[in-house]
Amino acid sequence: MAVNYTVTPEEILAISGVNPRKCMKCGRCTATCPAFDEMEYHPHQFVAMVEEGRIEELMNSRSIYRCLSCMACIERCPRQVEPAKLIEAVRLAVTRQQGGSHLIPDQVPERLDPDMPQQAIVSAYRKYTK
Amino acid sequence: MQKIGVFVCHCGTNIAATVDVEAVAEAARHVPGVVYAQDYTYMCSQSGQDLIKDAVKKYGLTGVVICSCSPRMHEKTFRKAVSSVGLNPYLLEIANIREQCSWVHKDKEIGTQKAIALMKAAVAKVELDAPLTAGETPVVKRALVIGGGIAGMQTALDIADAGYDVDIVEKNPTIGGKMAQLDKTFPTLDCSSCIVTPKMVDVGQNDRIHIYSYSEVKDVKGFVGNFHVTIRRKARYVDETKCTGCGLCMEKCPMKKVPNEFNLGLDKRSAVYIPFAQAVPKVATIDPNYCLMLNKGVCGLCSKVCGAGAINYKDTDKDIEVDYGAIVVATGYEIMDVSKYDEYAYSQSPDVVTSLEYERLMNAAGPTGGDLRRPSDGKHPKTIVFVQCVGSRECDSKRGGKPYCSKICCMYTAKHAMLTKDHYPDTDIYVFYIDVRTPGKNFDEFYRRAVEQYGVHYIKGAVGKVTPENGKLVVQASDLLMNEQMTIKADMVVLAAAIEPSHSARHLATLLTASMDTNDWFTEAHPKLRPVESPTAGVFLSGVCQGPKDIPETVAQAGAAASKVIGLLSKDKLTGNPCVAHSDEMMCTGCSQCADVCPYGAITYVDKEFRMPDRTTKIRRVAQVNPAVCQGCGACTVTCPSGAMDLNGFSNSEIMAEVDALCR
Amino acid sequence: MVYNYFPGCTLKEKAKDFDKWGRDCASALGVPLTEIEDWQCCGGVYPLSKDEIAVRLSSIRALAYAQAHGGVLVTLCAACHNVLKQTNYDIANDENFALKANNYLAADGISYHGEAKVIHYLELLRDEVGFDAVKKAVKKPLAGQKIGAYYGCLLLRPGYKMDMDNPENPSIMEDLIRALGAQPVVYAQRNECCGGYLAMEDSELPKKRVTRILGNAAAQGADTVITACPLCYYNLKKYSQDSGVKVRYLTDVLAEALDVKEG
């Protein structure tokens with residue numbers, strides 16, 4: 001995938017509205033994350049890595065497509081850091097670039113089954129494509 | 001003709017680095033009315049004070065301006081100095097050229113200009129200053145302690161020990177507070193009851209201490225040295241003077257399904273009850289919410305069996321009024337409600353408990369007789385997970401979380417872990433922590449013992465979800481050092497819930513006009529130098545009501561509060577603050593606005609007879625300020641629409657003169 | 001009182017029964033739903049970023065329509081509910097978003113700042129009809145059924161915006177189940193994610209999630225779980241075999257109890 005990595009940590013903070021400095025590194029986000037096993041970088045690492053400016057590593061990680069947007073980390077974060085918003089911002093930083101879509105229309109038919117609700121397709125499209 | 005002296009302090013380099021102090025002194029010499037001006041390294045030093053005193057004598061100064069630090073620091077020092085050479089202390093003004101000038105400016109030129117402006121304003125004010133004399137009021141030699149936990153008991157005992165009478169008002173039927181509910185105390189692991197119940201007995205038997213249990217403070221009037229307090233004695237339905245505490249009524253009471261608050265609802269008690277065996281006073285109380293006689297008019301068994309004839313179903317709330325010289329707040333804390341944190345399943349499983357509940361489950365006088373059994377099925381738990389910081393250290397919490405650290409949880413959790421391992425060595429214990437905070441004498445050693453000697457698993461991480469399933473609590477958690485998510489099948493989960501101020505504290509603070517912080521902890525007069533006094537004169541703070549603290553700190557603070565009370569009560573008279581408000585009765589329209597804004601209740605209205613110019617008399621309603629109650633805040637003076645209210649030492653004309661000087 | 005209704009795309013296609021039972025029951029309970037005109041898809045997921053404006057416009061159009069027609073918008077699909085309620089909260093509380101969104105919508109003659117009220121079908125039953133009235137309307141009590149409510153994430157989170165129930169220990173569906181004569185089964189995993197849209201990309205995760213959720217429901221004694229989300233329904237149903245737990249829409253059991261189902 002040809003992705004032109006030019007996103008700054010400041011842009012990620014602006015898109016997400018998150019202040020990672022509020023994090024006290026308690027680990028509740030990672031403790032509660034239902035997609036933990038599928039992730040290379042876990043929610044608490046997202047916060048720390050954005051704070052340290054390691055955006056490119058996150059943009060290249062499959063972790064950004066494994067977040068379920070279930071908002072458990074948002075609900076349970078004691079510092080209102082809300083890691084899922086950072087994950088979304090990094091994913092958007094990728095999908096908004098030319099050729100950055102994670103899901104292309106040609107791939108859709110093979111992934112459907114007769115019972116799959118429209119909601120799943122629309123949601124996946126929203127999350128993976130621009 | 002005024003003869004004013006101006007003294008400019010360098011404060012080492014604190015002021016002199018950003019203010020040209022010599023230029024300020026030189027500028028002062030050109031201000032009309034100033035006959036002497038001098039700068040000096042440290043005006044507050046003995047030689048600096050001597051310089052001022054000598055100048056007052058030599059030049060016959062009628063007013064003094066000190067350009068130095070905040071008046072909060074040294075106004076008293078300088079007033080005392082000028083007063084020693086015969087100048088009225090209220091003819092001295094401070095121009096704050098440190099906190100409000102040198103510390104906030106970087107540019108020396110700007111700093112100097114501002115210092116000169118502040119000096120001129122102070123000179124303008126001192127020209128209008130009038131000599132003031134403080135009045136005196138007698139002191140009532142009795143103290144009130146609100147709250148009968150370890151803090152309140154210690155304060156009361158120390159005050160009584162010094163020979164003063166003390167009353168304790170306690171909302172529960174017995175004194176003892178939270179400490180009476182604890183099993184062991186850290187870091188020495190001595191039995192809590194064994195050390196607190198003798199204190200309770202001491203309090204109960206002390207001739208100088210009177211306990212108003214099952215009572216609440218309903219109203220507070222008056223001021224330091226002369227508080228007038230209304231105490232509501234809630235209907236107990238048992239005559240305290242007759243009840244012998246035999247407990248027969250409890251035995252016979254047929255209503256035995258009342259959640260027992262002493263055991264935090266982990267077992268039941270009767271409707272007529274004595275909270276626990278060592279209660280002081282050991283007197284029964286009838287719970288009006290559950291008593292069959294009071295609710296349905298049938299039963300009356302307790303009355304029949306009471307040999308002392310102490311039961312009185314017709315009892316009512318009674319108010320008594322008592323005068324005090326000092327009031328100590330010792331209202332303590334509560335455990336935060338954790339029902340909003342139900343990812344930990346507190347509401348879904350009886351085996352998820354708070355730390356205080358765990359304390360009762362370990363206590364020999366608790367619902368299980370000290371045999372640690374989990375509430376659901378009475379089995380010994382083999383795996384226990386402790387969750388730290390539940391509701392503590394949160395930010396903009398949507399579910400009642402607190403921004404502060406509750407301070408005691410790290411230590412009591414280490415204690416729980418070790419005690420559990422002591423009794424049941426085959427128990428597996430996990431503690432999920434963010435940080436382990438153990439500053440304190442022998443505290444870190446205590447925690448390390450839990451890790452090294454007892455093999456308690458301390459995991460840097462958090463619990464995300466507790467799922468009750470098949471008789472177990474499936475704990476999903478993070479281990480941040482391992483970068484892992486882990487699952488533990490536990491038998492019990494113990495939540496270190498945040499502590500919060502007593503729910504009665506906010507109302508009490510309003511009654512006392514004592515200030516609180518945003519978390520409803522009482523505020524101290526100075527965070528470092530006056531930690532046991534509230535900013536309201538005569539109101540003192542003891543224990544956790546001021547902020548989270550452990551037992552040793554609480555006892556230390558309780559003693560400190562007592563010593564402040566003793567210092568106050570040992571005086572026969574109190575010198576007041578002469579900078580109080582007064583009303584010009586000829587200008588007062590009787591509108592009541594000043595009385596409405598007065599936070600101290602110092603203003604009353606009287607109907608007064610005035611002689612009119614035409615020799616008739618007229619009765620008018622006018623404001624009167626009680627100078628002993630007035631704290632000189634000035635709220636009335638800015639509220640008064642007719643300008644009748646004025647403040648000694650800060651009169652309207654003085655303030656305007658300062659403003660004029662600044663604008664010139 | 002007009003109850004404007006936003007069905008959403010899935011309820012017009014794969015979840016037609018969910019929709020029909022919902023409408024029939026609402027009519028039977030005296031709160032008939034009026035489908036709003038020209039509604040557009042809500043987008044399925046609420047954007048977690050601050051700068052996604054256009055994706056929320058369809059929701060605002062629906063909200064503005066509801067505002068012009070009595071002020072209440074009812075949703076049944078949990079996903080639509082989440083998107084519409086969060087959009088409504090944000091346009092009322094986030095000035096920057098409100099300004100930008102209204103700039104877009106000015107061309108349609110719309111000016112909207114969160115005046116309408118979004119309620120979920122469950123809130124309609126609880127707050128407008130009342131569970132006592134629901135109980136009275138029950139013709140065939142679901143006696144003997146042990147039903148676990150499956151809330152998922154979208155009905156409850158974020159709690160302060162959805163403002164419908166305690167997001168960590170909800171009771172609204174349990175109260176409904178009780179009103180229908182069945183026995184509610186509380187299980188902790190009822191508000192944990194089913195795997196959601198990851199079904200499109202990687203079915204392993206939804207399978208693992210559902211196994212955990214339904215395993216917990218079964219262990220706590222549920223024979224059925226009910227849901228208000230078509231995607232949850234899909235994931236749960238697909239991997240429900242092992243647990244032996246039946247998966248049904250909440251309006252399915254409601255319609256059964258109210259006896260408004262045909263055939």
# chains A, B, ... in the order shown; residues from 1 in each chain; ligands from 1

$ interface_residues --of "chain B" --to "chain C" --cutoff "12 Å" --atoms "only C-alpha atoms" --output "VMD selection string"
chain B and resid 338 to 349 396 to 400 464 to 476

$ write_last_selection --atoms "C-alpha atoms" --output "PDB file, in the first residue's frame"
ATOM      1  CA  VAL B 338     -18.831   1.946  43.843  1.00  0.00           C
ATOM      2  CA  SER B 339     -22.070   1.034  42.070  1.00  0.00           C
ATOM      3  CA  LYS B 340     -21.056   3.152  39.067  1.00  0.00           C
ATOM      4  CA  TYR B 341     -17.907   1.021  38.759  1.00  0.00           C
ATOM      5  CA  ASP B 342     -19.740  -2.173  38.093  1.00  0.00           C
ATOM      6  CA  GLU B 343     -17.242  -3.492  35.583  1.00  0.00           C
ATOM      7  CA  TYR B 344     -15.882  -4.833  38.883  1.00  0.00           C
ATOM      8  CA  ALA B 345     -19.280  -6.485  39.492  1.00  0.00           C
ATOM      9  CA  TYR B 346     -19.737  -5.158  43.031  1.00  0.00           C
ATOM     10  CA  SER B 347     -23.501  -5.033  42.531  1.00  0.00           C
ATOM     11  CA  GLN B 348     -23.532  -8.364  40.724  1.00  0.00           C
ATOM     12  CA  SER B 349     -21.681 -10.597  43.146  1.00  0.00           C
ATOM     13  CA  ASP B 396     -13.196  14.888  35.081  1.00  0.00           C
ATOM     14  CA  SER B 397     -14.878  11.745  36.276  1.00  0.00           C
ATOM     15  CA  LYS B 398     -18.321  10.969  34.902  1.00  0.00           C
ATOM     16  CA  ARG B 399     -19.053   8.549  37.706  1.00  0.00           C
ATOM     17  CA  GLY B 400     -18.138  10.320  40.916  1.00  0.00           C
ATOM     18  CA  GLY B 464     -10.748  -4.202  33.335  1.00  0.00           C
ATOM     19  CA  LYS B 465     -13.617  -6.567  33.963  1.00  0.00           C
ATOM     20  CA  VAL B 466     -14.877  -8.955  36.592  1.00  0.00           C
ATOM     21  CA  THR B 467     -17.263 -11.645  35.372  1.00  0.00           C
ATOM     22  CA  PRO B 468     -19.041 -13.780  37.969  1.00  0.00           C
ATOM     23  CA  GLU B 469     -19.350 -17.261  36.474  1.00  0.00           C
ATOM     24  CA  ASN B 470     -19.707 -20.791  37.829  1.00  0.00           C
ATOM     25  CA  GLY B 471     -18.990 -19.724  41.379  1.00  0.00           C
ATOM     26  CA  LYS B 472     -15.834 -17.894  40.398  1.00  0.00           C
ATOM     27  CA  LEU B 473     -15.003 -14.314  39.592  1.00  0.00           C
ATOM     28  CA  VAL B 474     -13.235 -14.231  36.256  1.00  0.00           C
ATOM     29  CA  VAL B 475     -10.911 -11.261  36.438  1.00  0.00           C
ATOM     30  CA  GLN B 476      -9.647  -9.785  33.179  1.00  0.00           C
TER      31      GLN B 476
END

$ interface_residues --of "chain A" --to "chain C" --cutoff "10 Å" --atoms "only C-alpha atoms" --output "number ranges by chain"
A: 12-18, 32-35, 37-38, 65-76, 82, 84-90, 92, 103, 107-108, 110-127

$ write_last_selection --atoms "C-alpha atoms" --output "short mmCIF file (atom, residue, chain, number, x, y, z; two decimals), in the first residue's frame"
data_model
loop_
_atom_site.label_atom_id
_atom_site.label_comp_id
_atom_site.auth_asym_id
_atom_site.auth_seq_id
_atom_site.Cartn_x
_atom_site.Cartn_y
_atom_site.Cartn_z
CA ILE A 12 -3.22 13.27 15.66
CA LEU A 13 -4.00 15.23 18.81
CA ALA A 14 -6.11 17.70 16.84
CA ILE A 15 -8.08 15.00 15.04
CA SER A 16 -8.68 13.00 18.20
CA GLY A 17 -9.13 15.81 20.70
CA VAL A 18 -7.12 13.66 23.11
CA THR A 32 -10.61 -3.95 29.32
CA CYS A 33 -9.84 -4.16 25.58
CA PRO A 34 -11.75 -7.03 23.90
CA ALA A 35 -9.41 -6.94 20.88
CA ASP A 37 -5.08 -10.50 21.44
CA GLU A 38 -5.37 -9.22 17.88
CA TYR A 65 -7.79 -2.10 12.05
CA ARG A 66 -8.45 -4.32 15.04
CA CYS A 67 -9.97 -1.73 17.37
CA LEU A 68 -13.70 -2.52 17.61
CA SER A 69 -14.68 1.04 18.60
CA CYS A 70 -16.57 -0.60 21.43
CA MET A 71 -15.74 2.40 23.63
CA ALA A 72 -14.94 0.27 26.68
CA CYS A 73 -11.62 2.10 27.11
CA ILE A 74 -13.41 5.41 26.68
CA GLU A 75 -15.99 4.50 29.31
CA ARG A 76 -13.47 3.14 31.83
CA GLU A 82 -9.89 7.80 25.76
CA ALA A 84 -9.88 4.61 21.13
CA LYS A 85 -9.96 8.17 19.86
CA LEU A 86 -6.21 8.08 19.26
CA ILE A 87 -6.52 4.79 17.41
CA GLU A 88 -9.27 6.28 15.25
CA ALA A 89 -7.16 9.37 14.53
CA VAL A 90 -4.17 7.28 13.43
CA LEU A 92 -7.93 8.21 9.67
CA LEU A 103 -10.93 -2.07 2.46
CA GLN A 107 -12.93 -7.17 -1.70
CA VAL A 108 -16.42 -6.75 -0.31
CA GLU A 110 -16.20 -12.27 -1.15
CA ARG A 111 -16.55 -11.30 2.49
CA LEU A 112 -20.32 -11.22 2.58
CA ASP A 113 -22.59 -13.98 3.68
CA PRO A 114 -26.34 -14.01 3.19
CA ASP A 115 -27.13 -13.03 6.78
CA MET A 116 -24.64 -10.26 7.19
CA PRO A 117 -26.51 -7.05 8.04
CA GLN A 118 -26.03 -3.83 6.07
CA GLN A 119 -24.87 -2.28 9.31
CA ALA A 120 -21.68 -4.39 9.26
CA ILE A 121 -20.80 -3.32 5.73
CA VAL A 122 -21.54 0.34 6.31
CA SER A 123 -19.60 0.34 9.58
CA ALA A 124 -16.58 -1.43 8.14
CA TYR A 125 -16.62 0.96 5.22
CA ARG A 126 -16.69 3.94 7.53
CA LYS A 127 -13.83 2.58 9.56
#

$ residues_around --residues "Gly135 in chain B" --least-positions-apart "5" --cutoff "10 Å" --atoms "only C-alpha atoms" --output "tab-separated table (two decimals) with N, CA and C atoms, in the first residue's frame"
chain	number	residue	atom	x	y	z
B	573	LYS	N	-9.77	36.65	77.84
B	573	LYS	CA	-10.39	37.56	76.89
B	573	LYS	C	-9.68	37.46	75.55
B	574	LEU	N	-10.41	37.71	74.49
B	574	LEU	CA	-9.82	37.71	73.16
B	574	LEU	C	-9.76	39.12	72.62
B	575	THR	N	-8.62	39.45	72.04
B	575	THR	CA	-8.51	40.74	71.39
B	575	THR	C	-9.10	40.60	70.00
B	576	GLY	N	-10.00	41.48	69.70
B	576	GLY	CA	-10.67	41.38	68.40
B	576	GLY	C	-9.90	42.08	67.31
B	577	ASN	N	-10.48	42.06	66.12
B	577	ASN	CA	-9.91	42.75	64.99
B	577	ASN	C	-10.63	44.09	64.88
B	578	PRO	N	-9.90	45.22	65.01
B	578	PRO	CA	-10.61	46.51	64.99
B	578	PRO	C	-11.07	46.90	63.59
B	627	PRO	N	-19.38	44.11	66.49
B	627	PRO	CA	-17.95	44.14	66.15
B	627	PRO	C	-17.22	42.87	66.57
B	628	ALA	N	-17.78	42.15	67.50
B	628	ALA	CA	-17.12	40.92	67.94
B	628	ALA	C	-17.30	39.80	66.91

$ interface_residues --of "chain A" --to "chain B" --cutoff "6 Å" --atoms "only C-alpha atoms" --output "MDAnalysis selection string"
chainID A and resid 26:28 30:32 78:79

$ write_last_selection --atoms "C-alpha atoms" --output "compact mmCIF listing (two decimals), in the first residue's frame"
# COMPACT_ATOMS: atom_id res chain seq x y z
CA CYS A 26 -2.85 2.66 34.96
CA GLY A 27 -3.52 0.13 32.22
CA ARG A 28 -7.30 0.02 32.54
CA THR A 30 -5.56 -2.53 28.01
CA ALA A 31 -7.19 -4.50 30.80
CA THR A 32 -10.61 -3.95 29.32
CA PRO A 78 -10.13 7.21 34.78
CA ARG A 79 -8.30 10.17 33.24

$ select_by_dssp --residues "range 74-143 of chain C" --states "helix (DSSP H, G or I)" --output "MDAnalysis selection string"
chainID C and resid 78:93 95:108 121:129 131:137

$ select_by_dssp --residues "range 70-223 of chain C" --states "strand (DSSP E or B)" --output "number ranges by chain"
C: 72-75, 117-120, 146-150, 183-185

$ residues_around --residues "range 122-130 of chain C" --least-positions-apart "3" --cutoff "9 Å" --atoms "only C-alpha atoms" --output "PyMOL selection string"
chain C and resi 26+29-31+74+76+119+133-135+164+172-173+175-176

$ write_last_selection --atoms "C-alpha atoms" --output "mmCIF file, in the first residue's frame"
data_model
loop_
_atom_site.group_PDB
_atom_site.id
_atom_site.type_symbol
_atom_site.label_atom_id
_atom_site.label_comp_id
_atom_site.auth_asym_id
_atom_site.auth_seq_id
_atom_site.Cartn_x
_atom_site.Cartn_y
_atom_site.Cartn_z
ATOM 1 C CA ALA C 26 -45.606 0.118 19.846
ATOM 2 C CA LEU C 29 -49.061 -0.248 23.537
ATOM 3 C CA GLY C 30 -50.646 2.980 22.337
ATOM 4 C CA VAL C 31 -47.454 4.680 21.180
ATOM 5 C CA VAL C 74 -37.306 7.085 18.491
ATOM 6 C CA LEU C 76 -34.774 0.801 17.643
ATOM 7 C CA ILE C 119 -34.875 8.063 22.793
ATOM 8 C CA ALA C 133 -48.400 -0.727 31.600
ATOM 9 C CA VAL C 134 -46.346 -3.114 29.473
ATOM 10 C CA LYS C 135 -46.909 -5.777 32.088
ATOM 11 C CA MET C 164 -30.049 5.869 29.538
ATOM 12 C CA ILE C 172 -33.614 -1.446 31.588
ATOM 13 C CA MET C 173 -33.820 -4.670 29.549
ATOM 14 C CA ASP C 175 -36.922 -4.752 33.869
ATOM 15 C CA LEU C 176 -38.619 -5.292 30.517
#

$ residues_around --residues "range 275-289 of chain B" --least-positions-apart "4" --cutoff "10 Å" --atoms "only C-alpha atoms" --output "PyMOL selection string"
chain B and resi 172-176+180-181+193+196-198+200-205+211-214+235-250+258+260-263+269-271+293-295+302+310-313+365-366

$ residues_around --residues "Val138 in chain C" --least-positions-apart "5" --cutoff "8 Å" --atoms "only C-alpha atoms" --output "PyMOL selection string"
chain C and resi 180+257-259

$ residues_around --residues "range 420-429 of chain B" --least-positions-apart "2" --cutoff "9 Å" --atoms "only C-alpha atoms" --output "JSON, numbers by chain"
{"B": [362, 371, 372, 380, 381, 382, 383, 384, 385, 386, 415, 416, 417, 418, 431, 454, 455, 456, 457, 458, 490]}

$ atom_distance --atom1 "CA of Lys549 in chain B" --atom2 "CA of Lys184 in chain B"
16.4 Å

$ atom_distance --atom1 "CA of Leu541 in chain B" --atom2 "CA of Ile603 in chain B"
26.8 Å

$ closest_residue --among "C:Arg248, C:Lys207, C:Arg212, C:Arg56" --to "Ile147 in chain C" --atoms "only C-alpha atoms"
C:Arg248

$ decode --residues "range 211-237 of chain C" --atoms "N, CA and C atoms" --output "mmCIF file, in the first residue's frame"
data_model
loop_
_atom_site.group_PDB
_atom_site.id
_atom_site.type_symbol
_atom_site.label_atom_id
_atom_site.label_comp_id
_atom_site.auth_asym_id
_atom_site.auth_seq_id
_atom_site.Cartn_x
_atom_site.Cartn_y
_atom_site.Cartn_z
ATOM 1 N N THR C 211 -18.313 -16.441 21.940
ATOM 2 C CA THR C 211 -18.166 -17.628 22.785
ATOM 3 C C THR C 211 -18.070 -17.211 24.255
ATOM 4 N N ARG C 212 -17.323 -16.155 24.497
ATOM 5 C CA ARG C 212 -17.158 -15.660 25.866
ATOM 6 C C ARG C 212 -18.494 -15.140 26.413
ATOM 7 N N ILE C 213 -19.186 -14.353 25.593
ATOM 8 C CA ILE C 213 -20.425 -13.709 26.038
ATOM 9 C C ILE C 213 -21.516 -14.748 26.301
ATOM 10 N N LEU C 214 -21.741 -15.586 25.303
ATOM 11 C CA LEU C 214 -22.828 -16.558 25.460
ATOM 12 C C LEU C 214 -22.452 -17.632 26.482
ATOM 13 N N GLY C 215 -21.162 -17.921 26.591
ATOM 14 C CA GLY C 215 -20.719 -18.857 27.634
ATOM 15 C C GLY C 215 -21.085 -18.323 29.001
ATOM 16 N N ASN C 216 -20.863 -17.042 29.199
ATOM 17 C CA ASN C 216 -21.203 -16.415 30.468
ATOM 18 C C ASN C 216 -22.711 -16.395 30.691
ATOM 19 N N ALA C 217 -23.461 -16.086 29.624
ATOM 20 C CA ALA C 217 -24.929 -16.068 29.742
ATOM 21 C C ALA C 217 -25.447 -17.453 30.110
ATOM 22 N N ALA C 218 -24.904 -18.464 29.438
ATOM 23 C CA ALA C 218 -25.343 -19.846 29.702
ATOM 24 C C ALA C 218 -24.980 -20.256 31.124
ATOM 25 N N ALA C 219 -23.753 -19.895 31.538
ATOM 26 C CA ALA C 219 -23.305 -20.277 32.879
ATOM 27 C C ALA C 219 -24.186 -19.648 33.954
ATOM 28 N N GLN C 220 -24.715 -18.482 33.666
ATOM 29 C CA GLN C 220 -25.576 -17.814 34.640
ATOM 30 C C GLN C 220 -27.025 -18.301 34.512
ATOM 31 N N GLY C 221 -27.287 -19.190 33.552
ATOM 32 C CA GLY C 221 -28.599 -19.835 33.481
ATOM 33 C C GLY C 221 -29.531 -19.330 32.408
ATOM 34 N N ALA C 222 -29.024 -18.540 31.463
ATOM 35 C CA ALA C 222 -29.917 -18.024 30.425
ATOM 36 C C ALA C 222 -30.168 -19.085 29.361
ATOM 37 N N ASP C 223 -31.416 -19.180 28.895
ATOM 38 C CA ASP C 223 -31.675 -20.049 27.744
ATOM 39 C C ASP C 223 -31.796 -19.224 26.469
ATOM 40 N N THR C 224 -31.997 -17.921 26.646
ATOM 41 C CA THR C 224 -32.149 -17.021 25.506
ATOM 42 C C THR C 224 -31.413 -15.729 25.825
ATOM 43 N N VAL C 225 -30.834 -15.097 24.809
ATOM 44 C CA VAL C 225 -30.432 -13.707 25.005
ATOM 45 C C VAL C 225 -31.164 -12.861 23.980
ATOM 46 N N ILE C 226 -31.451 -11.628 24.382
ATOM 47 C CA ILE C 226 -32.118 -10.714 23.450
ATOM 48 C C ILE C 226 -31.218 -9.515 23.204
ATOM 49 N N THR C 227 -31.354 -8.933 22.022
ATOM 50 C CA THR C 227 -30.504 -7.812 21.664
ATOM 51 C C THR C 227 -31.307 -6.783 20.874
ATOM 52 N N ALA C 228 -30.758 -5.575 20.831
ATOM 53 C CA ALA C 228 -31.395 -4.510 20.056
ATOM 54 C C ALA C 228 -30.501 -4.086 18.901
ATOM 55 N N CYS C 229 -29.510 -4.909 18.559
ATOM 56 C CA CYS C 229 -28.560 -4.507 17.531
ATOM 57 C C CYS C 229 -28.469 -5.606 16.472
ATOM 58 N N PRO C 230 -28.741 -5.293 15.203
ATOM 59 C CA PRO C 230 -28.697 -6.324 14.155
ATOM 60 C C PRO C 230 -27.310 -6.947 13.969
ATOM 61 N N LEU C 231 -26.264 -6.142 14.200
ATOM 62 C CA LEU C 231 -24.922 -6.686 14.041
ATOM 63 C C LEU C 231 -24.577 -7.626 15.191
ATOM 64 N N CYS C 232 -24.965 -7.261 16.394
ATOM 65 C CA CYS C 232 -24.805 -8.168 17.536
ATOM 66 C C CYS C 232 -25.579 -9.457 17.267
ATOM 67 N N TYR C 233 -26.794 -9.274 16.778
ATOM 68 C CA TYR C 233 -27.665 -10.419 16.496
ATOM 69 C C TYR C 233 -26.983 -11.373 15.524
ATOM 70 N N TYR C 234 -26.410 -10.790 14.481
ATOM 71 C CA TYR C 234 -25.712 -11.584 13.454
ATOM 72 C C TYR C 234 -24.543 -12.347 14.071
ATOM 73 N N ASN C 235 -23.682 -11.620 14.787
ATOM 74 C CA ASN C 235 -22.510 -12.269 15.385
ATOM 75 C C ASN C 235 -22.910 -13.312 16.425
ATOM 76 N N LEU C 236 -23.833 -12.937 17.279
ATOM 77 C CA LEU C 236 -24.247 -13.855 18.350
ATOM 78 C C LEU C 236 -24.840 -15.134 17.766
ATOM 79 N N LYS C 237 -25.721 -14.953 16.780
ATOM 80 C CA LYS C 237 -26.434 -16.087 16.219
ATOM 81 C C LYS C 237 -25.467 -17.028 15.499
#
